[in-house]
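Novice: Can you read through this structure? Questions will come right after.
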Protein chains: 6
Amino acid sequence: MTDTAIPLSELSIPMYSGVPTLLRAPHRESLEGLDIALVGVPSEFTLYRNGTRLGPNQMRAVSAMVRPVNGETLLNPHELCTVADVGDAPVNPLNLAATNALLQEYYESLAAADVRPVSAGGDHGVTLPILRAIGDPDSPVAILQIDSHHDTHGSIFGEPDNHASFVRRVIEEGIVEPTAVFQVGIRGTLYNPNDLDWAREHGVNVMRAEEFFDIGLERAVERMLEVVGDRRVYITIDLDGVDPTIAPGTGVPEPAGLSHRDCRAFVQALGEHDVIGADVVELSPPLDPTGGTARIATNLLFEELCVVAAAITRARG
Amino acid sequence: MTDTAIPLSELSIPMYSGVPTLLRAPHRESLEGLDIALVGVPSEFTLYRNGTRLGPNQMRAVSAMVRPVNGETLLNPHELCTVADVGDAPVNPLNLAATNALLQEYYESLAAADVRPVSAGGDHGVTLPILRAIGDPDSPVAILQIDSHHDTHGSIFGEPDNHASFVRRVIEEGIVEPTAVFQVGIRGTLYNPNDLDWAREHGVNVMRAEEFFDIGLERAVERMLEVVGDRRVYITIDLDGVDPTIAPGTGVPEPAGLSHRDCRAFVQALGEHDVIGADVVELSPPLDPTGGTARIATNLLFEELCVVAAAITRARG
Amino acid sequence: MTDTAIPLSELSIPMYSGVPTLLRAPHRESLEGLDIALVGVPSEFTLYRNGTRLGPNQMRAVSAMVRPVNGETLLNPHELCTVADVGDAPVNPLNLAATNALLQEYYESLAAADVRPVSAGGDHGVTLPILRAIGDPDSPVAILQIDSHHDTHGSIFGEPDNHASFVRRVIEEGIVEPTAVFQVGIRGTLYNPNDLDWAREHGVNVMRAEEFFDIGLERAVERMLEVVGDRRVYITIDLDGVDPTIAPGTGVPEPAGLSHRDCRAFVQALGEHDVIGADVVELSPPLDPTGGTARIATNLLFEELCVVAAAITRARG
Amino acid sequence: MTDTAIPLSELSIPMYSGVPTLLRAPHRESLEGLDIALVGVPSEFTLYRNGTRLGPNQMRAVSAMVRPVNGETLLNPHELCTVADVGDAPVNPLNLAATNALLQEYYESLAAADVRPVSAGGDHGVTLPILRAIGDPDSPVAILQIDSHHDTHGSIFGEPDNHASFVRRVIEEGIVEPTAVFQVGIRGTLYNPNDLDWAREHGVNVMRAEEFFDIGLERAVERMLEVVGDRRVYITIDLDGVDPTIAPGTGVPEPAGLSHRDCRAFVQALGEHDVIGADVVELSPPLDPTGGTARIATNLLFEELCVVAAAITRARG
Amino acid sequence: MTDTAIPLSELSIPMYSGVPTLLRAPHRESLEGLDIALVGVPSEFTLYRNGTRLGPNQMRAVSAMVRPVNGETLLNPHELCTVADVGDAPVNPLNLAATNALLQEYYESLAAADVRPVSAGGDHGVTLPILRAIGDPDSPVAILQIDSHHDTHGSIFGEPDNHASFVRRVIEEGIVEPTAVFQVGIRGTLYNPNDLDWAREHGVNVMRAEEFFDIGLERAVERMLEVVGDRRVYITIDLDGVDPTIAPGTGVPEPAGLSHRDCRAFVQALGEHDVIGADVVELSPPLDPTGGTARIATNLLFEELCVVAAAITRARG
Amino acid sequence: MTDTAIPLSELSIPMYSGVPTLLRAPHRESLEGLDIALVGVPSEFTLYRNGTRLGPNQMRAVSAMVRPVNGETLLNPHELCTVADVGDAPVNPLNLAATNALLQEYYESLAAADVRPVSAGGDHGVTLPILRAIGDPDSPVAILQIDSHHDTHGSIFGEPDNHASFVRRVIEEGIVEPTAVFQVGIRGTLYNPNDLDWAREHGVNVMRAEEFFDIGLERAVERMLEVVGDRRVYITIDLDGVDPTIAPGTGVPEPAGLSHRDCRAFVQALGEHDVIGADVVELSPPLDPTGGTARIATNLLFEELCVVAAAITRARG
């Protein structure tokens, strides 16, 4: 049989062999004894080109290439923690509000079992029920958000809890500290020049893509670390933060975004922080003919897994 | 300028030239003086692979090849009637119930203006608000339904008014006469051997694909005509009724379905009937790399236009 | 969690949700209590365009659409038998002989546990070690082989045990009765007009594609049943037996082959036979941009599962 | 080295190996001693979607699969005749009239050397200069034309010598006997119901696709043989005669056309005729993602080569 | 109905909804009252891989994502000026000279109506008739040309007025001041080391890609502004100036070109100049499977629209 | 006819015309009088996604765009040396050891004829028999290796002579001086943190991708020149050294690699060295839908040809 607790070497089991799981972690149905759950969230309530519901299984397929040891940090999260692919969180494909309720309940069960989630989306709306489940208004968290959009609309098409409004919601609900939100990669044409006022008025730290290119990666990472401070932090990566020429597989691509290396540097920079969870969202496989976007998605998911595993290890003392 | 009331000849204006419209009809924003409205319906509330929201504009793009004269019947619907592409009906991408309400209201405005709709979907759920708008419980209509699924589920994920339940709804609401529904192409694996009981118990005429292949096209068309009788009829073509090896661009493809010629024959056979409207639905462009499914879709949309135009012409006397 | 012993309904769990397995069977690592093992065999030692090593996982991905009940026979193999996806059999990507040895050993372990295999290839060479493991020279079996090639070459590039020679090997080794081999779909250009002599000289029943089209499906199936008689039978489907216009995703496509319906009819016709195992091989996902070949592959795998499950059920009495 | 006069066996040289030529014939720059020239004609003056200029080299690439012996007739044209790929005929990509002149001159050099051409297009306009070069008004030939269009327009965009007018030109010029032209597969929507009058008025034998389906392949072939009689015959296959669901790679696809088997049967039926040349045209590789259209094209090119080789062999006595 | 004078918000009308137009501008057939015409030019007389005739409608399809407000400059050209998509300019697909004449006449009608053109090609040859129509030898203009080729060939295949010669023509005809031409992105292999002599001898300012990378974007933009001076300027962007790894959808891609950001910076730098017109050319949709090249094309077309709208606004005082 | 000794101008023969050869060099079957052989090596013994056997002919197809003169150095290798495409080296698709033996024998025949090879792979395993054939333990060479992997595994799946072990083999066999090996682009996740120990312990100069990005291209090239010194040098480019977002067409892509320009700079920097041969390997056409990876591959092959031609020219004095 081909599955074990630790991903096996391609030198004895080919990468293309075996039932595919997220980051080749073992497939487990129980949360017992687990430190980190790799969760698929096949949700999709989007506004332009679609396909995010197929994201989790495409990440499983492409995960085959991600080996267990981080090439830069040499850390092996599968050795540090008990990690499993727990399958997909429940969704209702026909009803956004019902999906949000199902997801919140699901992630509350993870929180109750003290399992940290690293999630593979799904549209960006999933970050809202995740934070509602694992966040705490008494101890608001910081957020590293790589994205091309603010996601601070009041509501869209009459729906308040959607993928373009989630940041506003979690700030309004006190789960997240607005001045500890760091958004990087923001760009693109607008419907209204005032679209970004809400974020700025509430003290959200916005680094537009052009500003990022001007100051460079190193200083941008420093700025992010200043914003986050020593708070607990959640990482959310919307793949449209990445440049669409290298990550075409996402619904609303905006020109001139970040590179894979840029994103990786932001995540690795949180290697000493208490990262309570993380996600990579908005992968749309039908728009990704070479699988390149999925490859970026799974490698960033692995970087997120590494910093969450490091945080758990440190917390154990 | 390149647009005129009657589609122009490729001998003087290339097919690839001009703002694309459905069947190269003129683009008009007013219903005044119109006999037939070609309507895009970019709805999408589906259960597996998606993309139907992009269907109407893909049909516009591929329509360029459909010339104004029917090669078999030599009828030119653009000469018989005033036909226009009126743009897209309104939808709410995040809310199924809201979409159904918007669509019903929109089609009621067409009915009020005495304009018959030929619609390019969108998912199969759109047929429900269309029939609610243009149907009449005092005078239930017949339906020709080319499809691989019955679409008679009670509800799905808690939603009664969805693309897999619409036939049941319009029968329950008395808009459609169950014994005058002819479903052809039904096939595929099932969750439960009783999935088709409701349709049969209510007298719906079901011709499974295997039965169709056994008796052949000619007799199947005769059987359809018997079922429909002399009732007013609505035509709905779910592209998954077509064989998925030739029409891959649809969300839930089932093996071994009808050919393009089969579908065309069923539509042309209604050339003497009072066809009150028609649709072609469930085109998913991202799943259709060669555009072949869109080509089938637009040619069938043209056949539908022809029989609706013939019906209006006869009604005028 | 999303996996259970019986594939769940799309009405409550979406088809696109959950870790993908062959025919949505549960993923199990132990053979204990199992009647039928769905086995992936990611082997690849081919002669033209490649990709078969990716076949098993593509079948897992596309399997999502195959529901548990057969639409024609209404049989549910998951209820009749204990069925699981046991993962992939071991292969050595760099050495054909080593792969043959690994596979034979693996299938011997299934035979020892009295588990019948339904295998998802991999190249057609896998049928050789399977038959060596589960066959018995004291009781040679019949074979239904859907294919465009005889696979009776003496050897190729110096290798006797390869995907174009396996039929000759199993006949020479006495595991298969030559006069009980039925090959259908044979066609294509040749290097030598004598390429098919060996098969005919040894009494193999060859129905070329042209002969099949001439006599029609019904009589062809009757002929197959005559050849097989009441012997135990193994079913092997090389996807290049199917017409390449509908199944492009295979390495050596030959024009003008069988339809999905034709193949299904041959398999279903063995519903009363003692089918000891079955396979679908030569799926090459990179050559299959719409997934249509994979869809045919998985639906035929399901038909094979149904006849194997029926055989086990009858054997139990 | 990998090239020889006779295509080599895949059993010793892989199909994917070697500089690609049409039908794996040797590549020769001189006409000396040649019986049949396989000629690429990368012309393109088309009216809708394009790509035919890339047709010849795509046929070279896909030719790798065509082995030297015909699977139905067991004839090996490479043994009967001296056959070579002579490269591409000259074209001027910017000027249609100049291209026609270059092509006519080129084919006159073949005729002067008594070499029969089997040509890989290019758009259908190439048949005009070919027939002008090898035809003879004193001895007009018959034509087998598989096509969805008549190609009898007076002129298009002011150009008389184009791919939609060539049949009219060769009849007007007396090179072809109109009553010995057999057109099969004609279909599709029209700009004007009179578009086909010219062909019928001049006695061209038109078998529309619907008529073909009604009477069946066998009788259609008989009808073709009656039309051709014992005249010398030229074969021209426009790939849009084939059904676009199986041959999407062509510029102006019309629904519901012929199968590969149908086309093959028409060509093979001329196995006893004096076939003076042949072509397969209108392959557009960018529209053919699976290469399936190219596969049909090259297999039909091989069938054409076989009947031309048989004609030369008989002529030698 | 879904079309209005100003592109609507995705918050109430989905981006995928409505008849597609260039940059979601209203579709108008009359020039009356118009400041800026967005014109499709589906021309194609090219030398290698083709598809540019399909460029304008692909830009219409992909335009859906471009919102009305520039994210960097916050300028809304649809508010500053009256902008419409006027459909496609006329072309003759079979005759280059005829196409040039048709286009020149068409653009002269725009000039007569004092409407500035922003054009979506089509091959680069379209810039020649445009400049002949809107240029004036008494007041030669400057040109910003982003391109990988000089386009200064004397003639090609006997045709002087083609897409690789247009720069030479407009200089020879005195419409453009050679020392005010700035070419950036020039690169690629050559047939002859002297291919670039003509440009240099006539004082054209050529910045090869390697020189651009050496000095960096900021200084390159400064150099461009020096060359252009305070002249009236026309902007022409050949998409093969962009790096082909991010813009594969163009006929003759050369390695190692400019980024989207680079191109945008050059256009934005002309925000204070009198820009008399602009184009984006050489988009070939069949070569652009992800639509990424079209996305770059339409975003640059929007940047061009912004600087033309700013120029008109300033001119009004 | 379209082939000549020196690639012809697109101004008189279109790029898309003629039998395709590597870099449009003439196709020759004899080595006589040759200075440089362009050799296809369609080998494939790989560990994840495959397709390299189709690499050589894809490079032939895409070569059409590479003109004879280097745009940066203005050198024309076809004028300096006699260059031909000699077809493909022999391989055994089913047996790795047999393939290695066939290749070594083939390259020994080139060495015996004093012809330097520039090879188009094929998997990276081909570099081993090439170096065994043209190397000399008495005079070990330097290597410039652009790659994402060290290729220093002891053995894989029991095979010592494979594409992931070749560097170790040629060092162990004394053909290559370990301290004169320069590896650049190394990166990616690992199975074991010690995977790179062997290379470092033996003095191989490893520049990981991150280190390359830190110090920049200019200093990296200097470092390479220090390592190589004045030794004879062989250049091997594994396309997975290039960033997979621009070169997706390779079997085991690792995120965040080199650009085309980076690779070109390393090759051009060896323009004064005695380059004894070179290769570009691991192109997998099925994974390269836009042909972009093949375009990079052929342009780098041309750069290699240039430096080999320069070396021969200098050697002649």
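Numbering starts fresh at 1 for the residues of each chain in the structure tokens, the chains themselves are lettered A, B, ... in the order given, and ligands are numbered from 1 as they appear.
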Please tabulate, as CSV, the residues of chain A that come within 7 Å of chain B, each with its closest pair of atoms and the distance in Å to one decimal, counting only C-alpha atoms and ordering rows by chain, then residue number upward.
Specialist:
```
residue,atom,partner,partner_atom,distance
A:Phe45,CA,B:Leu94,CA,5.8
A:Leu47,CA,B:Pro93,CA,6.4
A:Asn50,CA,B:Gly51,CA,6.3
A:Gly51,CA,B:Asn50,CA,6.3
A:Asn92,CA,B:Phe157,CA,6.3
A:Pro93,CA,B:Leu47,CA,6.4
A:Leu94,CA,B:Phe45,CA,5.8
A:Asn95,CA,B:Asn95,CA,6.7
A:Leu96,CA,B:Leu94,CA,6.7
A:Phe157,CA,B:Asn92,CA,6.3
A:Pro286,CA,B:Pro286,CA,6.1
```
Novice: Please, could you write that set of residues out with C-alpha atoms as a PDB file, in the first residue's frame?
Specialist:
```pdb
ATOM      1  CA  PHE A  45     -19.832  32.162  -4.482  1.00  0.00           C
ATOM      2  CA  LEU A  47     -18.600  37.293  -9.203  1.00  0.00           C
ATOM      3  CA  ASN A  50     -15.568  30.522 -11.633  1.00  0.00           C
ATOM      4  CA  GLY A  51     -14.062  27.153 -10.705  1.00  0.00           C
ATOM      5  CA  ASN A  92     -24.040  24.002   0.308  1.00  0.00           C
ATOM      6  CA  PRO A  93     -23.435  24.760  -3.368  1.00  0.00           C
ATOM      7  CA  LEU A  94     -26.744  26.598  -3.736  1.00  0.00           C
ATOM      8  CA  ASN A  95     -26.826  28.805  -0.658  1.00  0.00           C
ATOM      9  CA  LEU A  96     -24.142  31.193   0.557  1.00  0.00           C
ATOM     10  CA  PHE A 157     -25.733  41.880  -4.434  1.00  0.00           C
ATOM     11  CA  PRO A 286     -10.367  25.349 -15.299  1.00  0.00           C
TER      12      PRO A 286
END
```
Novice: Just the residues within 12 Å of Glu218 in chain B, please, counting only C-alpha atoms, with nothing from its chain fewer than 4 positions along; format it as a PyMOL selection string.
Specialist: (chain B and resi 212-214+222-225+261-263+265-266+269) or (chain D and resi 214)
Novice: When you look at range 81-86 of chain A with a cut-off of 9 Å (counting only C-alpha atoms), what residues show up, excluding the ones that are within fewer than 4 positions of it in the same chain? I need them as a VMD selection string.
Specialist: (chain A and resid 5 to 6 21 to 31 33 to 40 76 to 77 309 to 310 312 to 313) or (chain C and resid 1 to 2 18 to 19)
Novice: Could you write out, as a PyMOL selection string, all the residues of range 19-142 of chain F that DSSP marks as alpha helix (DSSP H)?
Specialist: chain F and resi 55-62+77-80+96-112+127-134
Novice: Pull C-alpha atoms from the residues just selected and write them as a compact mmCIF listing (two decimals), in the first residue's frame.
Specialist:
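Result written to out-v5.txt:
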```txt
# COMPACT_ATOMS: atom_id res chain seq x y z
CA GLY F 55 11.09 16.91 -27.06
CA PRO F 56 13.38 16.72 -30.11
CA ASN F 57 10.59 16.95 -32.66
CA GLN F 58 8.87 19.74 -30.76
CA MET F 59 12.17 21.63 -30.88
CA ARG F 60 12.26 21.01 -34.63
CA ALA F 61 8.75 22.42 -34.98
CA VAL F 62 9.43 25.50 -32.87
CA PRO F 77 27.15 29.96 -36.59
CA HIS F 78 25.93 28.55 -39.91
CA GLU F 79 28.51 30.68 -41.69
CA LEU F 80 31.33 29.91 -39.27
CA LEU F 96 17.32 2.27 -19.73
CA ALA F 97 20.61 0.35 -19.73
CA ALA F 98 20.21 -0.52 -23.41
CA THR F 99 19.49 3.10 -24.20
CA ASN F 100 22.60 4.25 -22.40
CA ALA F 101 24.69 1.79 -24.40
CA LEU F 102 23.13 2.81 -27.73
CA LEU F 103 23.67 6.48 -26.99
CA GLN F 104 27.27 6.07 -25.88
CA GLU F 105 28.09 4.16 -29.08
CA TYR F 106 26.35 6.80 -31.18
CA TYR F 107 28.22 9.71 -29.62
CA GLU F 108 31.50 7.82 -29.89
CA SER F 109 30.93 7.79 -33.64
CA LEU F 110 30.53 11.57 -33.56
CA ALA F 111 33.70 11.93 -31.49
CA ALA F 112 35.56 9.67 -33.92
CA THR F 127 24.19 13.74 -20.62
CA LEU F 128 25.79 10.67 -19.04
CA PRO F 129 26.43 8.63 -22.22
CA ILE F 130 27.34 11.82 -24.08
CA LEU F 131 30.07 12.66 -21.57
CA ARG F 132 31.22 9.06 -21.44
CA ALA F 133 31.63 9.21 -25.23
CA ILE F 134 33.25 12.60 -25.64
```
Novice: Identify, on the basis of only C-alpha atoms, every residue whose closest approach to Val69 in chain A does not exceed 12 Å; exclude the query and any residue fewer than 5 positions from it along the same chain; express the result as a list in words.
Specialist: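 Neighbouring residues, sequence-local ones excluded: Ile6, Pro7, Leu8, Ser9, Leu23, Leu74, Leu75, Asn76, Pro77, His78, Glu79, Leu80, Asn299, Phe302, Glu303, Leu305 and Cys306 of chain A; Arg187, Gly188, Thr189, Leu190, Tyr191, Asn192, Pro193, Asn194 and Asp195 of chain F.
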Novice: Which residues, written as a list in words, have at least one atom at most 7 Å from range 226-228 of chain D, with only C-alpha atoms counted and residues fewer than 5 positions away on the same chain left out?
Specialist: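 Contacts, in chain order: Ala142, Ala180 and Phe182 of chain D.
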Novice: Between D:Gly271, D:Asp161, D:Val233, D:Val66, which has the minimum distance to Arg314 in chain D (counting only C-alpha atoms)?
Specialist: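 So, comparing all the options, the nearest one is D:Gly271.
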Novice: As an MDAnalysis selection string, list the residues of range 48-194 of chain D assigned to strand (DSSP E or B) by DSSP on the backbone atoms of this structure.
Specialist: chainID D and resid 69 83:88 95 116:121 141:146 156 159 176:186 190
Novice: Now that the selection is made, can you save its residues with C-alpha atoms as a compact mmCIF listing (two decimals), in the first residue's frame?
Specialist:
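Okay, again38.txt is ready:
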```
# COMPACT_ATOMS: atom_id res chain seq x y z
CA VAL D 69 0.83 -1.08 -45.00
CA VAL D 83 7.39 8.10 -52.96
CA ALA D 84 9.02 11.08 -51.26
CA ASP D 85 8.18 14.14 -49.22
CA VAL D 86 9.52 16.89 -51.49
CA GLY D 87 8.96 19.68 -48.97
CA ASP D 88 6.59 22.59 -49.44
CA ASN D 95 -0.77 37.98 -52.03
CA ARG D 116 1.73 12.62 -59.49
CA PRO D 117 1.03 14.92 -56.55
CA VAL D 118 -0.62 14.01 -53.28
CA SER D 119 -0.89 17.33 -51.48
CA ALA D 120 -1.31 18.37 -47.87
CA GLY D 121 -2.94 21.82 -47.60
CA VAL D 141 -11.40 14.91 -65.38
CA ALA D 142 -13.89 13.78 -62.80
CA ILE D 143 -13.68 14.98 -59.21
CA LEU D 144 -14.54 13.36 -55.92
CA GLN D 145 -15.04 16.27 -53.54
CA ILE D 146 -15.74 15.65 -49.87
CA ILE D 156 -15.45 36.69 -52.95
CA GLU D 159 -11.18 37.81 -55.86
CA VAL D 176 -13.24 19.41 -65.14
CA GLU D 177 -16.42 17.89 -66.53
CA PRO D 178 -19.25 19.32 -64.41
CA THR D 179 -21.45 16.23 -64.63
CA ALA D 180 -18.50 14.18 -63.39
CA VAL D 181 -18.12 16.20 -60.22
CA PHE D 182 -19.43 14.39 -57.16
CA GLN D 183 -19.81 16.58 -54.06
CA VAL D 184 -20.73 14.87 -50.82
CA GLY D 185 -21.25 16.28 -47.32
CA ILE D 186 -22.70 19.63 -48.44
CA LEU D 190 -26.74 29.86 -45.97
```
Novice: If we count only C-alpha atoms and set the cut-off at 7 Å, which residues sit around Leu270 in chain B, ignoring sequence neighbours fewer than 3 positions away in its own chain? Please answer as a list in words.
Specialist: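 Final neighbour list, sorted by chain and number: Val267, His273 and Val307 of chain B.
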Novice: In Å to one decimal, how far is CA of Gly291 in chain F from CA of Leu300 in chain E?
Specialist: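 Going from CA of Leu300 in chain E over to CA of Gly291 in chain F, I get 24.3 Å.
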Novice: Just give me the gap between CA of Ile175 in chain C and CA of Pro140 in chain C in Å, one decimal is fine.
Specialist: 4.7 Å
Novice: Would you work out the distance separating CA of Val280 in chain D from CA of Gly241 in chain D, expressed in Å to one decimal?
Specialist: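 Separation between CA of Val280 in chain D and CA of Gly241 in chain D: 10.8 Å.
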